[in-house]
Structure formats: structure tokens, C-alpha cells
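Trainee: Handing you this structure, nothing more for now.
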Amino acid sequence: MHATQRAYTLRLRGIDRKDQSWREKLWQTHLAVNKGVIAFGNWLLTFRGGVDYQLADANSVKSQGEIAQRRIFLALSWLSVESRAGAPEKYIIDTDDKGKWKTVQALREILQHRGASDGDIEDWINDCSVALNAAIRKDAVWVNRSKAFDDALKTIGRSLNREVIWDLLGRFFGSTEAYLKPADSGADGRVKEFEEAREMVLAAGTWLSKRFGTGLGADFKKLSRIYKSIERWCAVESRKRHRPYLTELAAELGVEKHDEILKLLSKSGESSGTQKVLNKHKDVPLTLEALKLLRMKAGQDAKKCMQQIGDKGRRPWSNKMLAKVQKSCGIILHPGNLSS
């Protein structure tokens, strides 16, 4: 069963019917938010334009068919189809005398600029030409996002490179392998799409907080130690005959109750895998299977926390990005508005 999504009209009215000044403020806020969305969206597309072409031939690729698929996906990351209304005019690809888009020529130039050999370039064109010559809507255009990224490298400077882009892209797509993996399809596709949309909102909020927020954020070093303690406790308890309650784990961690364990692990964002397992066994003894699962999740969460130590904070490239977004929407985003 799928939830039905509906849109409702919101009717607003000022407290003082004679004072309509709020209408202009509301409209200006609406405009600023949407301009900011466009600006951030533009950066996301431009960062996709910077993805390294050598990922097509990564060590994990096992067949020519998979290489061809990856080449097509990369080519469509660099050369994207976008609405003419919002596309950056400077990077719209030209058409020939017959109105045919010069996408294949643009791909050749991109690969030449990136140092690909002549033989590799021809292989790329053979694999990608059908996709790049596909019909698009009349109100759409092809945009050279690779060129846009090259220009961003010049304006932002050394702090931006083809590795740094995964600081943003990685929040939404995970690893480079996940980014290039074909999307899953099936009967539950609609459910997956909804879950991914929700996760994308959380990922975007986390990234904004990490790069532009001023709050101290979670103490990931401390969290990592707690998760490791839980992992070790599970390993010891799994070798015993009796099945422990979470009150015993609480005592091991220096607290008294189940809820206090959760407080030790609390941070902004979605609950960790460890927290979800703990919630399922609040008042029941932990079976051997539950101990194994809790141990695995705690180990995974400890590793994630270790990776996030020192991850929060502004970067030279993100500061310049924020300045451009502020200029686009006409609003100075105060650090306090983005604290975690």
C-alpha cells in the first residue's frame, strides 16, 4: 500500500487587515529561497561535470559492457539535458546548420582536454554517441557542465579539485562506485523512490551543517569509543550461556537505564543502526542473534564516527560557493541559521 501525496492551498491573512506589508515580505522570502535552490542546484550539476573520466575503467569493472555503461553515465554527467529557462547561457552547447546538437564534438573536446588517448576517445564516442544524439524536448538544451567545472576550478582555486567534489556528491550518492551503479528497478520502485527522497533531504541538511554551520556538532571521537565499548561487550556476552538485558550494558557504560544508553549515542540526524537495535530490545533479553547484530552495527557505527572526526568545518572552496549563493539569492546566510 502506498501513501497518497496531496497538495493543499494555504490561505494566509494578516492580523491587521489594513496592514498588507507582510505580503511583500512573504513574496521576497519565497523568491530568495527559490533563487538559493537554483544556485545550489547549479553547483550540484557543475560538480557532476567534474567527475573523473578514469572512473570508467576502475579496477572493479569486469566487462566491456559495464565499461560502456559507465562511459555513458559519465558523459551524461558532463553533458546534461536541462531546461532552457534555467540553463547557464555560457555553457549551452551549439547546434549545427541542421539544428543537430554538437554533443559528440563536445565529448571529444572534453576527453582531449582531460588527456585521454585518441584510441580511447574513439571508444568513448562509439559507446556514447547514441545517448548523446537522443531527442530532447523543444524547451530543453544540452549543457556542458564539464566546461562549467573547469571554469569553477579557475575562479575558486586550488582548494577545489576532482576529489573534493565527492564531499558534496558523496552525501547523495555514497561512493564513486555507487554513483556509477545502474538504478534498481522493480515492483517496489515507488517505495524506494520515496525513501531515497527522504534520505536526500537528510543528507543535504547534514552537508549544509557540516560545511557552513558554526555549532560544534557531535563529539565523534567520544561516540566512536562508546560504540567500540558496545561492540566489545557484545563479543564477551555472546560467549556466555545467559542472555543479558540492556541494563547490564548500561552498567558497563556507566549509566543505569536503556534510555540513558540512547542519550549517550544521541546526535542530530537519523538514528544509527546501533540505536535501532537497542530500541527493539528495551525490555527483553538479548538473544545470541541480537548480540551478533548489535555487535556488527556497533562496529559499523564506530567506523563511521572515526571517519567523521574533524570532518565538520568550512573549507576555502565552500566559502566561495556560499558567497556565490548569497549573491544569487540576495540574502546573507548568518552562521547561526546553519548550526547543527
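We label chains A, B, ... in the order they appear in the C-alpha cells, count residues from 1 in each chain, and number ligands from 1 in the order shown.
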Return as a PyMOL selection string the full set of residues in region 16-96 of chain A whose backbone-based DSSP assignment is alpha helix (DSSP H).
Mentor: chain A and resi 21-48+64-78
Trainee: Find the residues around region 26-31 of chain A up to 12 Å (only C-alpha atoms counted), leave out those fewer than 3 positions away in its own chain, and share them as a VMD selection string.
Mentor: chain A and resid 12 to 14 20 to 23 34 to 38 328 to 331
Trainee: Please provide the set of residues having any atom within 6 Å of region 257-272 of chain A, restricted to only C-alpha atoms, with same-chain residues fewer than 4 positions apart removed, written as a ChimeraX atom specification.
Mentor: /A:218,247,250
Trainee: Which residues are near Lys297 (chain A)? Cut-off 10 Å, only C-alpha atoms, ignore same chain within fewer than 5 positions. Put them as a PyMOL selection string.
Mentor: chain A and resi 227+230-231+272-277+291-292+302-303
Trainee: Atoms to include: C-alpha atoms. Write the selected residues as a PDB file, in the first residue's frame.
Mentor:
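The result, stored in selection19.pdb:
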ATOM      1  CA  TYR A 227      30.305   2.174  20.023  1.00  0.00           C
ATOM      2  CA  ILE A 230      29.285  -1.818  22.970  1.00  0.00           C
ATOM      3  CA  GLU A 231      30.989  -3.955  20.344  1.00  0.00           C
ATOM      4  CA  SER A 272      22.276   4.898  13.979  1.00  0.00           C
ATOM      5  CA  GLY A 273      21.980   1.176  13.308  1.00  0.00           C
ATOM      6  CA  THR A 274      23.021   0.521  16.907  1.00  0.00           C
ATOM      7  CA  GLN A 275      20.253   2.728  18.281  1.00  0.00           C
ATOM      8  CA  LYS A 276      17.643   0.945  16.172  1.00  0.00           C
ATOM      9  CA  VAL A 277      18.714  -2.452  17.538  1.00  0.00           C
ATOM     10  CA  LEU A 291      24.008  -9.792  20.260  1.00  0.00           C
ATOM     11  CA  LYS A 292      25.639 -10.612  16.933  1.00  0.00           C
ATOM     12  CA  ALA A 302      32.270   3.148  15.367  1.00  0.00           C
ATOM     13  CA  LYS A 303      33.962   3.143  11.970  1.00  0.00           C
TER      14      LYS A 303
END
Trainee: Please compute the CA of Val143 (chain A)-CA of Ser80 (chain A) distance, one decimal, in Å.
Mentor: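 Those two atoms sit 5.3 Å apart.
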Trainee: Report the distance between CA of Gly213 (chain A) and CA of Gly313 (chain A) in Å, rounded to one decimal place.
Mentor: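 Pair CA of Gly213 (chain A) / CA of Gly313 (chain A) returns 7.3 Å.
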Trainee: Nearest to Val51 (chain A): which of A:Gly157, A:Gly65, A:Gly170, A:Gly254 is it, counting only C-alpha atoms?
Mentor: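 Residue with the minimum atom-to-atom distance to Val51 (chain A): A:Gly170.
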Trainee: Write out as a list in words which residues come within 12 Å of region 111-115 of chain A when counting only C-alpha atoms, dropping same-chain ones fewer than 3 positions away.
Mentor: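 Close residues of region 111-115 of chain A: Gly50, Val51, Asp52, Tyr53, Gln54, Arg71, Leu74, Ala75, Trp78, Val104, Gln105, Ala106, Leu107, Arg108, Asp118, Gly119, Asp120, Ile121, Glu122, Asp123, Trp124, Ile125, Ser146, Lys147, Asp150 and Arg162 of chain A.
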Trainee: Write out, as a PDB file, in the first residue's frame, the residues just selected, with C-alpha atoms.
Mentor:
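Result written to again.pdb:
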ATOM      1  CA  GLY A  50      33.954  17.406 -12.687  1.00  0.00           C
ATOM      2  CA  VAL A  51      33.726  13.630 -12.213  1.00  0.00           C
ATOM      3  CA  ASP A  52      36.977  11.942 -13.314  1.00  0.00           C
ATOM      4  CA  TYR A  53      36.786  10.141 -16.678  1.00  0.00           C
ATOM      5  CA  GLN A  54      39.173   7.434 -15.427  1.00  0.00           C
ATOM      6  CA  ARG A  71      31.156   5.831 -20.006  1.00  0.00           C
ATOM      7  CA  LEU A  74      29.903   9.847 -17.103  1.00  0.00           C
ATOM      8  CA  ALA A  75      29.276  11.518 -20.467  1.00  0.00           C
ATOM      9  CA  TRP A  78      29.427  16.168 -18.120  1.00  0.00           C
ATOM     10  CA  VAL A 104      29.633  14.298 -29.723  1.00  0.00           C
ATOM     11  CA  GLN A 105      32.078  17.069 -30.640  1.00  0.00           C
ATOM     12  CA  ALA A 106      31.784  18.419 -27.081  1.00  0.00           C
ATOM     13  CA  LEU A 107      32.567  14.961 -25.660  1.00  0.00           C
ATOM     14  CA  ARG A 108      35.624  14.675 -27.881  1.00  0.00           C
ATOM     15  CA  ASP A 118      42.963   9.116 -29.417  1.00  0.00           C
ATOM     16  CA  GLY A 119      42.080   5.418 -29.297  1.00  0.00           C
ATOM     17  CA  ASP A 120      40.228   5.774 -26.006  1.00  0.00           C
ATOM     18  CA  ILE A 121      38.357   8.813 -27.297  1.00  0.00           C
ATOM     19  CA  GLU A 122      37.029   6.855 -30.291  1.00  0.00           C
ATOM     20  CA  ASP A 123      35.923   4.038 -27.976  1.00  0.00           C
ATOM     21  CA  TRP A 124      34.100   6.566 -25.805  1.00  0.00           C
ATOM     22  CA  ILE A 125      32.345   8.081 -28.810  1.00  0.00           C
ATOM     23  CA  SER A 146      32.450  19.844 -17.689  1.00  0.00           C
ATOM     24  CA  LYS A 147      33.355  23.258 -19.029  1.00  0.00           C
ATOM     25  CA  ASP A 150      36.780  23.813 -15.457  1.00  0.00           C
ATOM     26  CA  ARG A 162      38.099  16.352  -8.768  1.00  0.00           C
TER      27      ARG A 162
END
Trainee: Could you pull the residues within 9 Å of region 234-239 of chain A, counting only C-alpha atoms, minus those fewer than 5 positions along the same chain, as an mmCIF file with C-alpha atoms, in the first residue's frame?
Mentor:
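File produced: part.cif:
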data_model
loop_
_atom_site.group_PDB
_atom_site.id
_atom_site.type_symbol
_atom_site.label_atom_id
_atom_site.label_comp_id
_atom_site.auth_asym_id
_atom_site.auth_seq_id
_atom_site.Cartn_x
_atom_site.Cartn_y
_atom_site.Cartn_z
ATOM 1 C CA SER A 229 32.673 -0.453 24.079
ATOM 2 C CA PRO A 244 21.755 -10.369 29.136
ATOM 3 C CA LEU A 249 25.092 -2.974 29.005
ATOM 4 C CA THR A 287 19.318 -13.400 22.123
ATOM 5 C CA LEU A 288 22.544 -14.670 20.582
ATOM 6 C CA GLU A 289 21.324 -13.407 17.199
ATOM 7 C CA LEU A 291 24.008 -9.792 20.260
ATOM 8 C CA LYS A 292 25.639 -10.612 16.933
ATOM 9 C CA LEU A 294 24.254 -5.353 17.858
ATOM 10 C CA ARG A 295 27.960 -6.136 17.709
#
Trainee: State, in Å with one decimal place, the distance from CA of Arg70 (chain A) to CA of Tyr91 (chain A).
Mentor: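 Here the two named atoms are 23.3 Å from each other.
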Trainee: Pick the closest to Asp283 (chain A) from A:Ile92, A:Tyr245, A:Gln307, A:Leu44: which is it, counting only C-alpha atoms?
Mentor: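 Between A:Ile92, A:Tyr245, A:Gln307, A:Leu44, the residue approaching Asp283 (chain A) most closely is A:Tyr245.
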Trainee: Of the candidates A:Ile226, A:Ala298, A:Gln64, A:His242, which shows the shortest atom-to-atom distance to Leu286 (chain A), using only C-alpha atoms?
Mentor: A:His242
